[in-house]
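Below is the file start_32.cif, which contains mmCIF, C-alpha atoms.
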```cif
data_structure
#
loop_
_atom_site.label_atom_id
_atom_site.label_comp_id
_atom_site.auth_asym_id
_atom_site.auth_seq_id
_atom_site.Cartn_x
_atom_site.Cartn_y
_atom_site.Cartn_z
CA MET A 1056 65.26 82.12 94.14
CA SER A 1057 61.86 83.57 94.98
CA VAL A 1058 58.85 82.22 93.11
CA LEU A 1059 58.11 85.70 91.78
CA SER A 1060 61.71 86.78 91.20
CA VAL A 1061 61.41 87.16 87.43
CA THR A 1062 58.04 88.92 87.26
CA LYS A 1063 56.71 90.29 90.55
CA ASN A 1064 52.93 90.09 90.86
CA PRO A 1065 52.43 88.79 87.31
CA THR A 1066 49.07 89.01 85.55
CA ILE A 1067 47.67 85.62 84.59
CA LEU A 1068 44.84 84.99 82.16
CA VAL A 1069 42.73 81.96 83.16
CA ALA A 1070 40.51 80.94 80.23
CA VAL A 1071 38.15 77.97 80.44
CA LEU A 1072 35.74 76.13 78.19
CA ASN A 1073 32.04 76.64 78.87
CA TRP A 1074 30.94 73.00 78.72
CA GLY A 1075 28.69 72.84 81.75
CA LEU A 1076 30.14 73.92 85.09
CA GLY A 1077 33.03 71.48 85.40
CA HIS A 1078 35.88 73.29 83.67
CA ALA A 1079 35.33 76.49 85.66
CA ILE A 1080 34.81 74.70 88.98
CA ARG A 1081 37.96 72.59 88.75
CA CYS A 1082 40.00 75.72 88.08
CA ILE A 1083 38.90 77.31 91.37
CA PRO A 1084 41.72 75.69 93.42
CA ILE A 1085 44.24 76.77 90.76
CA ILE A 1086 42.98 80.36 90.82
CA ARG A 1087 43.17 80.43 94.61
CA SER A 1088 46.74 79.14 94.50
CA LEU A 1089 47.76 81.79 91.96
CA SER A 1090 46.11 84.49 94.05
CA ALA A 1091 47.94 83.26 97.17
CA HIS A 1092 51.20 83.75 95.25
CA GLY A 1093 50.34 87.40 94.65
CA CYS A 1094 49.25 87.09 91.03
CA ASN A 1095 46.86 89.50 89.36
CA ILE A 1096 44.23 87.38 87.63
CA VAL A 1097 42.02 87.95 84.62
CA LEU A 1098 39.26 85.36 84.15
CA ALA A 1099 37.65 84.50 80.84
CA SER A 1100 34.88 82.21 79.61
CA ASP A 1101 31.25 82.47 78.51
CA GLY A 1102 27.79 81.32 79.61
CA VAL A 1103 27.38 79.52 82.95
CA ALA A 1104 31.15 79.04 83.33
CA LEU A 1105 31.59 82.82 83.26
CA SER A 1106 28.81 83.12 85.87
CA VAL A 1107 30.72 80.70 88.13
CA PHE A 1108 33.81 82.88 87.88
CA ARG A 1109 31.92 86.10 88.61
CA GLN A 1110 30.17 84.57 91.63
CA ASN A 1111 33.30 83.05 93.15
CA PHE A 1112 35.81 85.79 92.29
CA PRO A 1113 34.06 89.18 92.12
CA GLU A 1114 37.41 90.87 92.83
CA PHE A 1115 38.88 89.80 89.48
CA PRO A 1116 38.00 90.99 85.96
CA ALA A 1117 35.85 88.33 84.25
CA LEU A 1118 35.74 88.73 80.48
CA GLU A 1119 33.56 87.05 77.88
CA LEU A 1120 35.24 84.76 75.35
CA PRO A 1121 33.74 83.76 71.99
CA SER A 1122 31.25 80.95 72.56
CA TYR A 1123 31.51 77.45 71.06
CA ASN A 1124 27.82 76.87 71.77
CA ILE A 1125 28.27 73.10 71.46
CA ARG A 1126 25.06 71.09 71.33
CA TYR A 1127 24.39 67.33 71.47
CA PRO A 1128 21.23 66.78 69.43
CA PHE A 1129 22.36 63.36 68.14
CA ALA A 1130 23.46 60.14 69.84
CA SER A 1131 26.57 59.90 67.65
CA MET A 1132 29.60 61.89 68.85
CA TYR A 1133 31.06 61.68 65.32
CA PHE A 1134 27.99 63.28 63.78
CA ASN A 1135 27.73 65.97 66.47
CA MET A 1136 31.37 66.99 65.95
CA ALA A 1137 31.27 66.68 62.16
CA VAL A 1138 28.24 68.95 61.90
CA GLN A 1139 29.73 71.53 64.28
CA GLY A 1140 33.38 71.16 63.20
CA PRO A 1141 33.54 74.33 61.08
CA LYS A 1142 31.95 76.36 63.88
CA ILE A 1143 34.46 74.98 66.41
CA GLY A 1144 37.39 75.83 64.14
CA LYS A 1145 36.07 79.34 63.62
CA THR A 1146 35.70 79.84 67.37
CA ILE A 1147 39.27 78.65 68.05
CA CYS A 1148 40.55 81.24 65.57
CA ALA A 1149 38.35 83.94 67.13
CA GLU A 1150 39.52 83.19 70.67
CA TYR A 1151 43.15 83.22 69.55
CA GLN A 1152 42.68 86.74 68.15
CA TRP A 1153 40.81 87.72 71.32
CA VAL A 1154 43.70 86.50 73.49
CA GLN A 1155 46.30 88.54 71.56
CA LYS A 1156 44.26 91.71 72.12
CA THR A 1157 43.70 90.89 75.79
CA ILE A 1158 47.43 90.30 76.37
CA SER A 1159 48.07 93.84 75.20
CA ALA A 1160 45.11 95.41 77.01
CA TYR A 1161 45.75 93.80 80.42
CA GLY A 1162 49.51 93.20 80.33
CA ILE A 1163 49.16 89.43 80.55
CA ASN A 1164 52.36 87.57 81.55
CA GLY A 1165 51.08 84.00 81.38
CA ILE A 1166 48.05 81.96 80.32
CA LEU A 1167 46.21 78.98 81.79
CA SER A 1168 43.78 77.44 79.33
CA ASP A 1169 41.35 74.73 80.39
CA ALA A 1170 40.34 73.01 77.13
CA ARG A 1171 40.52 76.24 75.07
CA PHE A 1172 42.87 75.38 72.21
CA GLY A 1173 42.97 78.93 70.88
CA CYS A 1174 44.00 80.52 74.18
CA PHE A 1175 47.77 80.74 73.86
CA SER A 1176 50.48 83.05 72.60
CA PRO A 1177 53.89 82.21 71.14
CA HIS A 1178 55.32 85.11 73.14
CA ILE A 1179 54.42 84.21 76.75
CA PRO A 1180 54.29 80.97 78.80
CA GLY A 1181 51.05 79.03 78.62
CA ILE A 1182 49.52 75.98 80.29
CA PHE A 1183 46.88 73.69 78.83
CA ILE A 1184 44.70 71.80 81.34
CA THR A 1185 42.93 68.55 80.48
CA HIS A 1186 42.34 65.08 81.91
CA GLN A 1187 41.51 63.81 78.43
CA VAL A 1188 45.01 63.27 77.07
CA GLN A 1189 43.93 60.15 75.17
CA LEU A 1190 40.70 60.62 73.25
CA PRO A 1191 38.04 57.92 73.87
CA ILE A 1192 37.26 57.33 70.18
CA PRO A 1193 36.18 53.73 69.47
CA ASP A 1194 37.47 53.56 65.88
CA PRO A 1195 41.28 52.94 65.94
CA PHE A 1196 42.03 55.03 62.84
CA PHE A 1197 40.09 58.09 63.99
CA ARG A 1198 41.46 57.68 67.53
CA TYR A 1199 45.02 57.74 66.16
CA MET A 1200 44.32 60.79 64.00
CA GLY A 1201 42.56 62.61 66.84
CA ASN A 1202 45.34 61.95 69.34
CA ALA A 1203 48.00 63.00 66.83
CA ALA A 1204 46.20 66.28 66.15
CA GLN A 1205 45.70 66.92 69.87
CA LYS A 1206 49.39 66.26 70.65
CA LYS A 1207 50.33 68.82 68.03
CA LEU A 1208 48.08 71.38 69.72
CA PHE A 1209 49.60 70.55 73.12
CA ARG A 1210 52.99 71.67 71.78
CA GLN A 1211 51.70 75.25 71.59
CA TYR A 1212 51.90 75.34 75.40
CA SER A 1213 54.79 75.32 77.86
CA GLU A 1214 53.22 72.48 79.84
CA LEU A 1215 50.24 70.16 79.83
CA TRP A 1216 48.61 69.92 83.27
CA ILE A 1217 46.66 66.73 83.99
CA PRO A 1218 44.30 66.76 87.01
CA ASP A 1219 44.98 63.17 88.08
CA PHE A 1220 47.74 60.99 89.50
CA PRO A 1221 50.33 59.20 87.35
CA ASP A 1222 49.31 55.84 88.85
CA PRO A 1223 47.89 53.18 86.48
CA GLY A 1224 44.66 53.21 88.49
CA GLY A 1225 44.14 56.96 88.19
CA LEU A 1226 40.71 58.49 88.41
CA ALA A 1227 40.50 59.04 84.63
CA GLY A 1228 41.83 55.58 83.71
CA LYS A 1229 43.38 55.40 80.24
CA LEU A 1230 42.23 58.93 79.39
CA SER A 1231 44.95 60.56 81.49
CA GLU A 1232 47.89 58.46 80.25
CA ALA A 1233 50.57 60.85 79.00
CA LYS A 1234 52.85 58.52 77.03
CA GLY A 1235 54.90 60.36 74.43
CA ILE A 1236 54.07 63.84 75.78
CA PRO A 1237 57.28 65.27 77.27
CA ASN A 1238 55.72 68.48 78.63
CA ALA A 1239 53.00 66.70 80.67
CA ARG A 1240 52.69 67.21 84.43
CA TYR A 1241 50.20 65.57 86.82
CA ILE A 1242 48.68 68.01 89.33
CA GLY A 1243 46.52 65.67 91.45
CA ILE A 1244 42.78 65.82 92.10
CA LEU A 1245 41.25 69.31 91.94
CA SER A 1246 38.42 69.66 94.44
CA ASP A 1247 37.49 72.58 96.67
CA GLN A 1248 38.17 70.70 99.90
CA LYS A 1249 38.49 73.80 102.06
CA ILE A 1250 34.79 74.75 101.83
CA ILE A 1251 33.34 71.26 102.28
CA PRO A 1252 31.02 71.41 105.32
CA VAL A 1253 31.24 68.64 107.90
CA GLY A 1254 28.79 67.15 110.35
CA LYS A 1255 25.68 68.03 108.36
CA LYS A 1256 22.52 65.95 108.66
CA THR A 1257 21.82 63.78 105.58
CA ASP A 1258 18.16 64.60 104.98
CA ILE A 1259 18.11 64.51 101.16
CA ASP A 1260 17.64 61.06 99.63
CA VAL A 1261 18.81 62.01 96.14
CA LEU A 1262 20.44 65.26 95.02
CA ALA A 1263 20.17 65.55 91.22
CA VAL A 1264 22.62 68.09 89.78
CA LEU A 1265 22.16 68.82 86.09
CA SER A 1266 24.73 70.30 83.74
CA GLY A 1267 26.12 70.05 80.25
CA PRO A 1268 25.03 71.02 76.75
CA GLU A 1269 21.49 71.30 75.49
CA PRO A 1270 19.18 69.73 74.51
CA GLN A 1271 20.36 66.74 76.55
CA ARG A 1272 20.32 68.65 79.84
CA SER A 1273 16.61 69.42 79.40
CA ARG A 1274 15.79 65.90 78.23
CA PHE A 1275 17.40 64.40 81.32
CA GLU A 1276 15.60 66.93 83.51
CA GLN A 1277 12.22 65.93 82.08
CA ARG A 1278 12.96 62.24 82.54
CA ILE A 1279 13.79 62.78 86.22
CA ILE A 1280 10.69 64.92 86.86
CA GLN A 1281 8.40 62.39 85.18
CA GLN A 1282 9.64 59.59 87.43
CA VAL A 1283 9.88 61.31 90.80
CA SER A 1284 6.15 61.29 91.62
CA SER A 1285 6.07 57.47 91.59
CA ALA A 1286 9.43 57.03 93.35
CA ASP A 1287 9.72 56.26 97.05
CA VAL A 1288 12.58 58.73 97.60
CA SER A 1289 12.78 62.48 97.97
CA VAL A 1290 14.68 64.32 95.22
CA THR A 1291 16.20 67.77 95.22
CA LEU A 1292 16.80 68.83 91.61
CA VAL A 1293 19.37 71.55 90.86
CA ARG A 1294 18.75 72.62 87.26
CA GLY A 1295 22.17 74.25 86.81
CA VAL A 1296 20.59 77.17 84.94
CA PRO A 1297 20.79 80.65 86.51
CA GLY A 1298 17.55 82.63 86.50
CA ALA A 1299 13.87 81.90 86.99
CA ILE A 1300 12.41 78.39 86.90
CA PRO A 1301 10.11 77.88 83.87
CA SER A 1302 6.39 77.81 84.69
CA GLY A 1303 6.06 74.16 83.63
CA ILE A 1304 8.56 73.01 86.28
CA ALA A 1305 7.69 73.25 89.97
CA SER A 1306 8.44 71.72 93.37
CA SER A 1307 5.75 69.31 94.55
CA GLY A 1308 5.42 66.31 96.83
CA ASN A 1309 8.78 64.59 97.10
CA LEU A 1310 10.44 66.92 94.53
CA GLU A 1311 12.24 70.17 95.30
CA VAL A 1312 13.42 72.20 92.29
CA LEU A 1313 16.18 74.79 92.52
CA PRO A 1314 17.44 76.84 89.54
CA PHE A 1315 21.14 77.17 90.35
CA LEU A 1316 23.40 77.05 93.40
CA GLU A 1317 26.68 78.81 93.95
CA ARG A 1318 29.51 76.44 94.74
CA ALA A 1319 29.56 76.86 98.52
CA GLU A 1320 25.78 76.42 98.72
CA LEU A 1321 25.89 73.41 96.41
CA TYR A 1322 28.42 71.80 98.74
CA GLN A 1323 25.99 72.36 101.60
CA TYR A 1324 23.36 70.41 99.70
CA MET A 1325 25.85 67.71 98.74
CA SER A 1326 26.79 67.24 102.37
CA ARG A 1327 23.10 66.66 103.19
CA SER A 1328 22.54 64.11 100.42
CA ASN A 1329 22.72 60.33 100.63
CA ILE A 1330 23.12 59.82 96.87
CA LEU A 1331 24.23 62.19 94.12
CA LEU A 1332 22.58 61.85 90.69
CA SER A 1333 24.56 63.54 87.94
CA ARG A 1334 26.41 63.33 84.67
CA SER A 1335 29.73 61.51 84.76
CA GLY A 1336 31.78 64.62 84.12
CA TYR A 1337 35.33 64.46 85.40
CA THR A 1338 34.95 67.36 87.84
CA THR A 1339 32.03 65.55 89.46
CA LEU A 1340 34.20 62.43 89.81
CA MET A 1341 36.94 64.47 91.47
CA ASP A 1342 34.44 65.81 94.00
CA LEU A 1343 33.04 62.33 94.62
CA ALA A 1344 36.54 60.95 95.11
CA SER A 1345 37.27 63.69 97.65
CA TRP A 1346 34.00 63.19 99.52
CA GLY A 1347 33.54 59.43 99.49
CA LYS A 1348 29.90 59.95 98.38
CA ARG A 1349 27.68 57.39 96.64
CA ALA A 1350 26.36 58.29 93.20
CA ILE A 1351 24.27 57.44 90.16
CA LEU A 1352 26.06 58.42 86.94
CA VAL A 1353 24.15 59.07 83.71
CA PRO A 1354 26.53 60.12 80.91
CA THR A 1355 25.47 62.71 78.37
CA PRO A 1356 24.29 60.84 75.25
CA GLY A 1357 26.90 61.10 72.51
CA GLN A 1358 29.71 62.13 74.86
CA THR A 1359 32.10 59.17 74.71
CA GLU A 1360 34.37 60.51 77.45
CA GLN A 1361 31.54 60.52 79.99
CA THR A 1362 30.41 57.07 78.85
CA TYR A 1363 33.93 55.72 79.37
CA LEU A 1364 34.28 57.28 82.83
CA ALA A 1365 30.86 56.07 83.97
CA GLN A 1366 31.57 52.50 82.84
CA LEU A 1367 35.08 52.58 84.33
CA HIS A 1368 33.82 53.42 87.81
CA HIS A 1369 30.80 51.13 87.50
CA ASP A 1370 33.20 48.26 86.75
CA ARG A 1371 35.40 49.29 89.69
CA GLY A 1372 32.34 49.01 91.93
CA HIS A 1373 32.33 52.71 92.85
CA PHE A 1374 29.18 54.12 91.24
CA PHE A 1375 26.06 52.81 89.51
CA ALA A 1376 26.02 53.88 85.85
CA THR A 1377 23.18 53.74 83.35
CA ALA A 1378 22.32 55.22 79.97
CA GLN A 1379 19.86 58.12 79.89
CA LYS A 1380 17.28 56.15 77.89
CA GLN A 1381 17.36 53.31 80.42
CA PHE A 1382 17.40 55.51 83.52
CA GLN A 1383 14.85 54.53 86.17
CA ILE A 1384 15.33 56.38 89.42
CA SER A 1385 13.86 53.76 91.78
CA GLU A 1386 15.95 50.95 90.26
CA ALA A 1387 19.09 53.12 90.25
CA VAL A 1388 18.68 53.94 93.95
CA ARG A 1389 18.16 50.26 94.74
CA GLN A 1390 21.35 49.31 92.87
CA VAL A 1391 23.39 51.92 94.72
CA GLN A 1392 22.09 50.84 98.10
CA GLN A 1393 22.90 47.19 97.38
CA SER A 1394 26.18 47.25 95.48
CA PHE A 1395 27.91 50.63 95.09
CA ALA A 1396 29.51 52.29 98.12
CA GLY A 1397 31.44 55.03 96.30
CA ILE A 1398 35.17 55.70 96.31
CA PRO A 1399 36.60 55.31 99.82
CA ALA A 1400 37.05 58.75 101.37
CA HIS A 1401 40.58 60.19 101.05
CA SER A 1402 41.80 57.30 98.88
CA TYR A 1403 42.89 59.95 96.38
CA LYS A 1404 45.32 61.57 98.83
CA PRO A 1405 44.27 65.24 99.25
CA GLU A 1406 47.61 66.24 100.77
CA TYR A 1407 49.47 64.77 97.80
CA SER A 1408 47.16 66.63 95.41
CA GLU A 1409 47.86 69.92 97.18
CA LEU A 1410 51.60 69.27 96.92
CA LEU A 1411 51.45 68.45 93.19
CA LEU A 1412 49.42 71.58 92.44
CA GLU A 1413 51.74 73.79 94.47
CA GLN A 1414 54.78 72.42 92.64
CA ALA A 1415 53.08 73.00 89.28
CA VAL A 1416 52.12 76.59 90.10
CA GLN A 1417 55.61 77.43 91.35
CA ALA A 1418 57.21 75.94 88.22
CA PHE A 1419 54.85 77.97 86.02
CA LEU A 1420 55.52 81.23 87.86
CA ASN A 1421 59.26 80.63 87.61
CA ARG A 1422 58.88 80.64 83.80
CA LEU A 1423 57.56 84.20 83.80
#
```
Since I need it in another form, could you write the structure as structure tokens?
Amino acid sequence: MSVLSVTKNPTILVAVLNWGLGHAIRCIPIIRSLSAHGCNIVLASDGVALSVFRQNFPEFPALELPSYNIRYPFASMYFNMAVQGPKIGKTICAEYQWVQKTISAYGINGILSDARFGCFSPHIPGIFITHQVQLPIPDPFFRYMGNAAQKKLFRQYSELWIPDFPDPGGLAGKLSEAKGIPNARYIGILSDQKIIPVGKKTDIDVLAVLSGPEPQRSRFEQRIIQQVSSADVSVTLVRGVPGAIPSGIASSGNLEVLPFLERAELYQYMSRSNILLSRSGYTTLMDLASWGKRAILVPTPGQTEQTYLAQLHHDRGHFFATAQKQFQISEAVRQVQQSFAGIPAHSYKPEYSELLLEQAVQAFLNRL
């Protein structure tokens, strides 16, 4: 049976959460795979994630979803979520209504939702994408309640796609364990391997790539800028914010400041860097695993998932991890140079990842 025997050239809605750049970037290999299978694609997100889609796929419609506008003003994840809980619930309802209208307007045959719980329909196949199958909540009672609620939401979808391997030593550790979830499928590591440049000169000591919710993105930016002048390394800082650079921030001495880089250009800079300085978002870890690069990881304060991932790979001896309040760039660079060599290149089996993703896409298209 042909992959597209049920619905020839189906129209797929790909909707992603705007939580920094990671959710949109990790969906790029999936979108390319769908396009290679002849699918018509409608992209949807908001903010910088929507900008990523429009820059990488100008040939596809890119629509604006209701925004969650999540902020991390407090160190406590519980307090951040409790304060913004009603707004999040309202946005999930709004995006669900938005999806039903879009299905009718664009003739959508299937949905891929990366961390958008309201982007599904009971009438067409849908996929939910997350590496965070088990929530990293310290309190056992709230962890149980959160996981139970999340599993119920997973059942709204035909399948749960997990960007990791089923091995016990997977990149996401305990987060990606899918016990008790019958519709789960592992799709390997998602990284845009095909546009990674090779043979470039490494002339950047530290490439700092900022992302994530405000105000923590700006606070981390200021901390880096304040320390660079007294550091004995050169730093290229990518703000991760499209548009002009504010007048109070400028390149000088051993600091180069860039507002935003498209993915292909960012990979050029990554290939030139000796050390990457970034948040410990999962998409960043997938890229680092694919590249074999060294890194300094500074989790977003209050984001327990990033804290867990940073500590996991610090303990494995892959990357140096430190809290934002304790971050000192000179000491972090020294630690990396002495003790943290990164994940060995290709240890996460790129060919196997491509096979798992291809099998997942074909199974999804056969549902249509």
Explicit residue set for the PyMOL selection byres ((chain A and resi 1084) around 9), as a compact mmCIF listing (two decimals) with C-alpha atoms, keeping the file's coordinate frame:
```txt
# COMPACT_ATOMS: atom_id res chain seq x y z
CA ILE A 1080 34.81 74.70 88.98
CA ARG A 1081 37.96 72.59 88.75
CA CYS A 1082 40.00 75.72 88.08
CA ILE A 1083 38.90 77.31 91.37
CA ILE A 1085 44.24 76.77 90.76
CA ILE A 1086 42.98 80.36 90.82
CA ARG A 1087 43.17 80.43 94.61
CA SER A 1088 46.74 79.14 94.50
CA LEU A 1089 47.76 81.79 91.96
CA LEU A 1245 41.25 69.31 91.94
CA SER A 1246 38.42 69.66 94.44
CA ASP A 1247 37.49 72.58 96.67
CA GLN A 1248 38.17 70.70 99.90
CA LEU A 1412 49.42 71.58 92.44
```
Taking only C-alpha atoms into account, which of A:Lys1380, A:His1178, A:Arg1371, A:Lys1404 comes nearest Ile1166 (chain A)? A:His1178
With all atoms listed in the file counted, which protein, DNA or RNA residues have an atom no more than 6 Å from (46.0, 67.4, 84.3) in the file frame? Please answer as a PyMOL selection string. chain A and resi 1184-1186+1216-1219+1241-1242
Got a sec to check which residues sit within 9 Å of (32.5, 63.7, 74.0), counting all atoms listed in the file, and write them as number ranges by chain? A: 1132, 1136, 1190-1192, 1355-1362
Same residues, C-alpha atoms, saved as an mmCIF file, in the coordinates of the input:
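What follows is the written file selection27.cif:
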```
data_model
loop_
_atom_site.group_PDB
_atom_site.id
_atom_site.type_symbol
_atom_site.label_atom_id
_atom_site.label_comp_id
_atom_site.auth_asym_id
_atom_site.auth_seq_id
_atom_site.Cartn_x
_atom_site.Cartn_y
_atom_site.Cartn_z
ATOM 1 C CA MET A 1132 29.600 61.890 68.850
ATOM 2 C CA MET A 1136 31.370 66.990 65.950
ATOM 3 C CA LEU A 1190 40.700 60.620 73.250
ATOM 4 C CA PRO A 1191 38.040 57.920 73.870
ATOM 5 C CA ILE A 1192 37.260 57.330 70.180
ATOM 6 C CA THR A 1355 25.470 62.710 78.370
ATOM 7 C CA PRO A 1356 24.290 60.840 75.250
ATOM 8 C CA GLY A 1357 26.900 61.100 72.510
ATOM 9 C CA GLN A 1358 29.710 62.130 74.860
ATOM 10 C CA THR A 1359 32.100 59.170 74.710
ATOM 11 C CA GLU A 1360 34.370 60.510 77.450
ATOM 12 C CA GLN A 1361 31.540 60.520 79.990
ATOM 13 C CA THR A 1362 30.410 57.070 78.850
#
```
Just the number, please: distance in Å from CA of Gly1372 (chain A) to CA of Ala1286 (chain A), one decimal. 24.3 Å
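The gap separating CA of Gln1379 (chain A) from CA of Pro1195 (chain A) is 26.1 Å, in Å to one decimal.
When all atoms listed in the file are used to measure the gap to Leu1310 (chain A), the shortest distance among A:Asp1287, A:Ile1280, A:Pro1405, A:Gly1298 belongs to A:Ile1280.
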Two-atom distance - CA of Ala1319 (chain A), CA of Arg1274 (chain A) (Å): 26.9 Å
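When the PyMOL selection byres ((chain A and resi 1294-1296) around 6) is evaluated on the file shown here, the picked residues come out as A:Leu1265, A:Ser1266, A:Val1293, A:Pro1297, A:Pro1314, A:Phe1315.
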Selection result of the PyMOL selection byres ((chain A and resi 1228) around 10) on this file, as a PyMOL selection string: chain A and resi 1186-1187+1189+1219-1227+1229-1232+1363-1364+1367-1368
For Asn1064 (chain A), please output as a PyMOL selection string all residues within 8 Å (counting all atoms listed in the file; exclusion window: fewer than 4 positions along the same chain). chain A and resi 1059+1092-1095
Considering only C-alpha atoms, can you say which of A:Tyr1199, A:Tyr1403, A:Phe1108, A:Phe1115 comes closest to Glu1317 (chain A)? A:Phe1108
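Among the candidate residues A:Ile1236, A:Asn1202, A:Ile1067, A:Lys1145, the one lying nearest to Gly1162 (chain A) is A:Ile1067, with distances computed using only C-alpha atoms.
Nearest to Phe1209 (chain A) of all the residues A:Arg1422, A:Ser1345, A:Phe1175, A:Pro1193 is A:Phe1175, counting only C-alpha atoms.
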Select, from A:Ile1398, A:Val1188, A:Val1288, A:Ala1415, the residue with the minimum atom-to-atom distance to Ala1203 (chain A), counting only C-alpha atoms. A:Val1188
